[in-house]
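Novice: If you scroll down you'll find the structure; I have some questions about it.
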Amino acid sequence: MPSQSNAPAGWRPRHGAYWLIILPALAMLVFLYLVPLADVLVTSITDPKPGLDNYLLLFTSTSVQKTLLTTLRIAALTTFVALLLGYVVAYAMRAANSSQQRLMLFCVLLPFWISVLVRSFAWIALLSSRGPVNAGLMAWGLIDEPLPLVRNETGVLIGMVHVMLPYAVLTLYANMRGIDVRLVAAARSLGASRFQAFRMVFLPLTRPGLIGAGTLVFILSLGFYVTPALLGGGKVLMIAEYVAVQINDTLRWGLGTMLATTLMLSVLAALWALSRVLDVKRLFGA
Amino acid sequence: MLSPVPEPLVRFANVRKSYDGTVDAVRALNLEVARSEFLTLLGPSGSGKTTTLTMLAGFERPTEGRIFVDGEDITDVPVEKRGIGMVFQNYALFPNMTVAENIAFPLRVRGVSRAEMTSKVVRALSMVRLDGFGDRRPQQLSGGQQQRVAVARALVFEPRLILLDEPLGALDRQLREQMQYELKHLHQRLDVTMVYVTHDQVEAMTMSDRVAVFSTGALRQVDVPRRLYEAPASLFVARFLGESNALPATVRQHDEGCCAATLATGETVTAVMPVPCAPGSAVHLVVRPEKILLGEAAHDSPNRFAARIAEVTFLGDQTRLRLAAFGADDFIVKLANTAGQETFAPGTEIDIGWQAEDCRALAE
């Protein structure tokens, strides 16, 4: 029998049939996503006149540079804080028993069910100068006047870390679960203190998780729009909001599309660089 | 003149361990390990052997009782301060380090100088016949080689005691046998004390100076392998080590370690009775399959009975007979493959017998 499949002839549809099924989705992707994306690329080198003038602004315009630096700084800080906090939570989850684990996982995923918009307004209410956080700190006598926790970079950072934390926790937890706990026990039995066993054995083994979670959080943070716009109080301008302003208000579409393109290319470049050192597919569970 | 009794290296004194407060994983454990001894803790899973090892290593604390090493009470000493080398079932090699870094680990955490570390690692590698493998990653080695790295890592810091937790469990049979002898020779060469956990009785007998048999949390018997096999103190030990025929019987009379007992089917058997039981008490008469005499040879033994061959299995080095006798058909006889071995056919009536000293009356 020449047939390699043991299914009867005619049982499996030809490959063409599958293409037919995914055609609507494919068409939607091409016409509503890839074509506009190409349009963005083209606009960035044709508006207002053909050439790379828009891209030259990356090197000449101080306001563009300031926005880019702000974006990079906030994304980096968010990544750092989210990794730090996420590591602790993931570590605790790994050590917990299975019913505690379920509860903790539920708590980590809970924010996903609440809109970013709602969460941002909630943070504004919580962190404002007369909000419960400042009121509480003042009632305890820890501070004399309200701390500026919102409508500035601190507020943006708090809100972004809150949104990013589940990503960090889940990525780190997936990595930590794959680490054999007996390795730490073995390190202890060979004479390592708790801290030495952590630093020399456990921490190095979580490196792929840290890199993966860090990249994920950093890339997602670069494109943040709602949180900085609301919690920054208009004072903290990140690239996504800057692009929106160019498109909606100043109508400098060339500049806006150039920044959007730059952001996309940076993210792709970051992913490519990452793929050189790590198995990206495995990292994100694909 | 009294000869000085050497202080044992390890001593468990009345140790009890309960994980949940209701069931004892280990109870009333009193056990000593002599210096330079190879002692195996043998038992089925859940017998308490691994818990015993874990307490000695320091991963678990006894609920009651004390553990001494070298005369020092180490019950409350943390794992890393005990100076005990341990080889784990899955080897537990650090995947983020090379073979040499793995072996150097216990030296590194002890702050040993780089030069001394290098020379000790090289020596440890050659001890386990892995010269030149230092730069490999553990994942690049075969199971047997990983096992050797784990052993090298456990002995490189010259611990007073090495614990091995079923270290050969993951290897295939041939490699396992080879590693048994390798470990045994390493033990002899290094003159180090080893405590080994296994559920495999052949492994235990191959390597050990003494074997401690555990079941359901209790230590049943500790002795050299031959004594354990020839003179089991309980039915459990007799059944766990090698094969035996166990016939339920009632003691009729006993005298100076010997007894006469009646089987349920009416026959009377003379046997050795290590622990005296009052007449009327129920015992099992245990006799090893290779001690059974057949046909002519059985005629002048004190215990002689009629049987019928139910099944004959040729196993190469031995022939195994299953006999119908004493109202059942699971009486096993093993015959070594010797010259002039007569052949047997199923269905044949045959006389069986055994010497009184080859049969032991053991209480449940």
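Note on naming: chains are A, B, ... as they come in the structure tokens, residues start from 1 per chain, ligands start from 1 in the order shown.
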If you take only C-alpha atoms and a cut-off of 7 Å, which residues of chain B touch chain A, and what are their nearest atom pairs and distances in Å to one decimal, in chain and number order, as JSON lines?

Specialist:
{"residue": "B:Val79", "atom": "CA", "partner": "A:Ser189", "partner_atom": "CA", "distance": 5.5}
{"residue": "B:Glu80", "atom": "CA", "partner": "A:Gly191", "partner_atom": "CA", "distance": 4.0}
{"residue": "B:Lys81", "atom": "CA", "partner": "A:Gly191", "partner_atom": "CA", "distance": 6.4}
{"residue": "B:Gly83", "atom": "CA", "partner": "A:Gly191", "partner_atom": "CA", "distance": 6.8}
{"residue": "B:Ile84", "atom": "CA", "partner": "A:Ser189", "partner_atom": "CA", "distance": 6.9}
{"residue": "B:Gly85", "atom": "CA", "partner": "A:Leu190", "partner_atom": "CA", "distance": 6.2}
{"residue": "B:Met86", "atom": "CA", "partner": "A:Ser189", "partner_atom": "CA", "distance": 6.5}
{"residue": "B:Ala92", "atom": "CA", "partner": "A:Leu183", "partner_atom": "CA", "distance": 5.2}
{"residue": "B:Leu93", "atom": "CA", "partner": "A:Leu183", "partner_atom": "CA", "distance": 6.9}
{"residue": "B:Phe94", "atom": "CA", "partner": "A:Leu183", "partner_atom": "CA", "distance": 6.5}
{"residue": "B:Asn96", "atom": "CA", "partner": "A:Leu205", "partner_atom": "CA", "distance": 6.5}
{"residue": "B:Pro106", "atom": "CA", "partner": "A:Leu190", "partner_atom": "CA", "distance": 5.1}
{"residue": "B:Val109", "atom": "CA", "partner": "A:Ala192", "partner_atom": "CA", "distance": 5.6}

Novice: Go ahead and dump the residues you just picked, C-alpha atoms, as a PDB file, in the first residue's frame.

Specialist:
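And here is the file that came out, selection_34.pdb:
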ATOM      1  CA  VAL B  79      21.644  19.968  57.217  1.00  0.00           C
ATOM      2  CA  GLU B  80      24.584  21.990  55.975  1.00  0.00           C
ATOM      3  CA  LYS B  81      26.465  21.757  59.272  1.00  0.00           C
ATOM      4  CA  GLY B  83      29.212  17.223  57.143  1.00  0.00           C
ATOM      5  CA  ILE B  84      27.421  14.265  55.625  1.00  0.00           C
ATOM      6  CA  GLY B  85      27.698  13.506  51.902  1.00  0.00           C
ATOM      7  CA  MET B  86      24.517  12.468  50.168  1.00  0.00           C
ATOM      8  CA  ALA B  92      20.398  15.956  41.735  1.00  0.00           C
ATOM      9  CA  LEU B  93      23.315  17.297  39.721  1.00  0.00           C
ATOM     10  CA  PHE B  94      23.195  21.055  39.181  1.00  0.00           C
ATOM     11  CA  ASN B  96      23.748  25.100  35.530  1.00  0.00           C
ATOM     12  CA  PRO B 106      30.839  21.373  48.473  1.00  0.00           C
ATOM     13  CA  VAL B 109      30.723  26.647  49.924  1.00  0.00           C
TER      14      VAL B 109
END

Novice: Would you list, as a ChimeraX atom specification, the residues of stretch 99-174 of chain B that end up in alpha helix (DSSP H) under DSSP run on this structure's backbone?

Specialist: /B:99-108,114-127,143-155,173-174

Novice: Which residues are close to B:Asp135, i.e. within 7 Å by only C-alpha atoms, leaving aside same-chain residues fewer than 5 positions away? Reply as a list of chain:residue names.

Specialist: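 Counting only the stated atoms, we get B:Thr98, B:Val99, B:Ala100.
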
Novice: Go ahead and save the picked residues with N, CA and C atoms, as an mmCIF file, in the first residue's frame.

Specialist:
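Result file part34.cif:
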data_model
loop_
_atom_site.group_PDB
_atom_site.id
_atom_site.type_symbol
_atom_site.label_atom_id
_atom_site.label_comp_id
_atom_site.auth_asym_id
_atom_site.auth_seq_id
_atom_site.Cartn_x
_atom_site.Cartn_y
_atom_site.Cartn_z
ATOM 1 N N THR B 98 29.120 22.785 35.270
ATOM 2 C CA THR B 98 29.794 21.662 34.617
ATOM 3 C C THR B 98 30.000 20.549 35.645
ATOM 4 N N VAL B 99 30.479 19.410 35.165
ATOM 5 C CA VAL B 99 30.759 18.286 36.055
ATOM 6 C C VAL B 99 31.759 18.707 37.128
ATOM 7 N N ALA B 100 32.829 19.385 36.709
ATOM 8 C CA ALA B 100 33.855 19.805 37.674
ATOM 9 C C ALA B 100 33.274 20.798 38.680
#

Novice: Identify, on the basis of only C-alpha atoms, every residue whose closest approach to B:Asn30 does not exceed 8 Å; exclude the query and any residue fewer than 4 positions from it along the same chain; express the result as a list in words.

Specialist: Arg11, Phe12, Ala13, Asn14 and Val15 of chain B

Novice: Residues as selected, N, CA and C atoms, written as a PDB file, in the first residue's frame, can you do that?

Specialist:
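Printed below is part.pdb as written:
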ATOM      1  N   ARG B  11      24.360   6.644  65.806  1.00  0.00           N
ATOM      2  CA  ARG B  11      23.483   5.953  66.737  1.00  0.00           C
ATOM      3  C   ARG B  11      22.114   6.623  66.752  1.00  0.00           C
ATOM      4  N   PHE B  12      21.089   5.849  66.444  1.00  0.00           N
ATOM      5  CA  PHE B  12      19.717   6.310  66.587  1.00  0.00           C
ATOM      6  C   PHE B  12      19.250   5.843  67.952  1.00  0.00           C
ATOM      7  N   ALA B  13      18.793   6.758  68.795  1.00  0.00           N
ATOM      8  CA  ALA B  13      18.342   6.381  70.129  1.00  0.00           C
ATOM      9  C   ALA B  13      16.857   6.668  70.270  1.00  0.00           C
ATOM     10  N   ASN B  14      16.067   5.616  70.265  1.00  0.00           N
ATOM     11  CA  ASN B  14      14.609   5.724  70.473  1.00  0.00           C
ATOM     12  C   ASN B  14      13.947   6.741  69.553  1.00  0.00           C
ATOM     13  N   VAL B  15      14.318   6.689  68.273  1.00  0.00           N
ATOM     14  CA  VAL B  15      13.814   7.705  67.350  1.00  0.00           C
ATOM     15  C   VAL B  15      12.421   7.344  66.852  1.00  0.00           C
TER      16      VAL B  15
END

Novice: With only C-alpha atoms as the basis for distance, which of B:Ile350, B:Ala34, B:Ala246, B:Val112 is at the shortest distance from B:Ala298?

Specialist: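 When distances to B:Ala298 are compared using only C-alpha atoms, the smallest one comes from B:Ile350.
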
Novice: List every residue of stretch 50-228 of chain B that DSSP, applied to the backbone of this structure, assigns to strand (DSSP E or B), and report them as number ranges by chain.

Specialist: B: 64-69, 72-73, 84-87, 161-165, 193-198, 210-215, 218-223

Novice: What does the distance from atom CA of B:Ala271 to atom CA of B:Glu364 come to in Å, to one decimal?

Specialist: 15.8 Å

Novice: Would you work out the distance separating atom CA of A:Lys235 from atom CA of A:Thr43, expressed in Å to one decimal?

Specialist: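 For atom CA of A:Lys235 relative to atom CA of A:Thr43, the distance reads 28.4 Å.
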
Novice: Which residues are close to A:Glu153, i.e. within 9 Å by only C-alpha atoms, leaving aside same-chain residues fewer than 6 positions away? Reply as a list in words.

Specialist: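 So, after excluding close chain neighbours, the residues are Ile74, Pro228, Leu231, Gly232, Lys235 and Val236 of chain A.
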
Novice: Within 9 Å of stretch 338-341 of chain B, counting only C-alpha atoms, which residues qualify if same-chain residues fewer than 3 places away don't, as a compact mmCIF listing (two decimals) with N, CA and C atoms, in the first residue's frame?

Specialist:
# COMPACT_ATOMS: atom_id res chain seq x y z
N ASP B 317 20.36 -21.80 35.52
CA ASP B 317 21.21 -22.19 36.65
C ASP B 317 20.46 -23.05 37.66
N GLN B 318 19.18 -23.07 37.57
CA GLN B 318 18.41 -23.88 38.51
C GLN B 318 17.10 -24.36 37.87
N LEU B 335 16.25 -26.48 42.60
CA LEU B 335 17.35 -27.42 42.47
C LEU B 335 18.44 -26.78 41.63

Novice: What's around stretch 83-85 of chain A at 7 Å? Count only C-alpha atoms, leave out sequence neighbours fewer than 4 positions away in its own chain, and write the answer as a PyMOL selection string.

Specialist: chain A and resi 79+89+168+214

Novice: Emit the selected residues as a compact mmCIF listing (two decimals), in the first residue's frame, including N, CA and C atoms.

Specialist:
# COMPACT_ATOMS: atom_id res chain seq x y z
N THR A 79 9.80 47.18 34.55
CA THR A 79 10.31 45.82 34.41
C THR A 79 11.05 45.39 35.68
N VAL A 89 6.56 36.64 44.65
CA VAL A 89 5.25 35.97 44.61
C VAL A 89 5.39 34.58 43.98
N ALA A 168 4.62 38.93 34.86
CA ALA A 168 5.90 38.57 35.47
C ALA A 168 5.74 37.32 36.35
N GLY A 214 11.24 39.43 31.95
CA GLY A 214 11.75 40.79 31.77
C GLY A 214 11.46 41.30 30.36
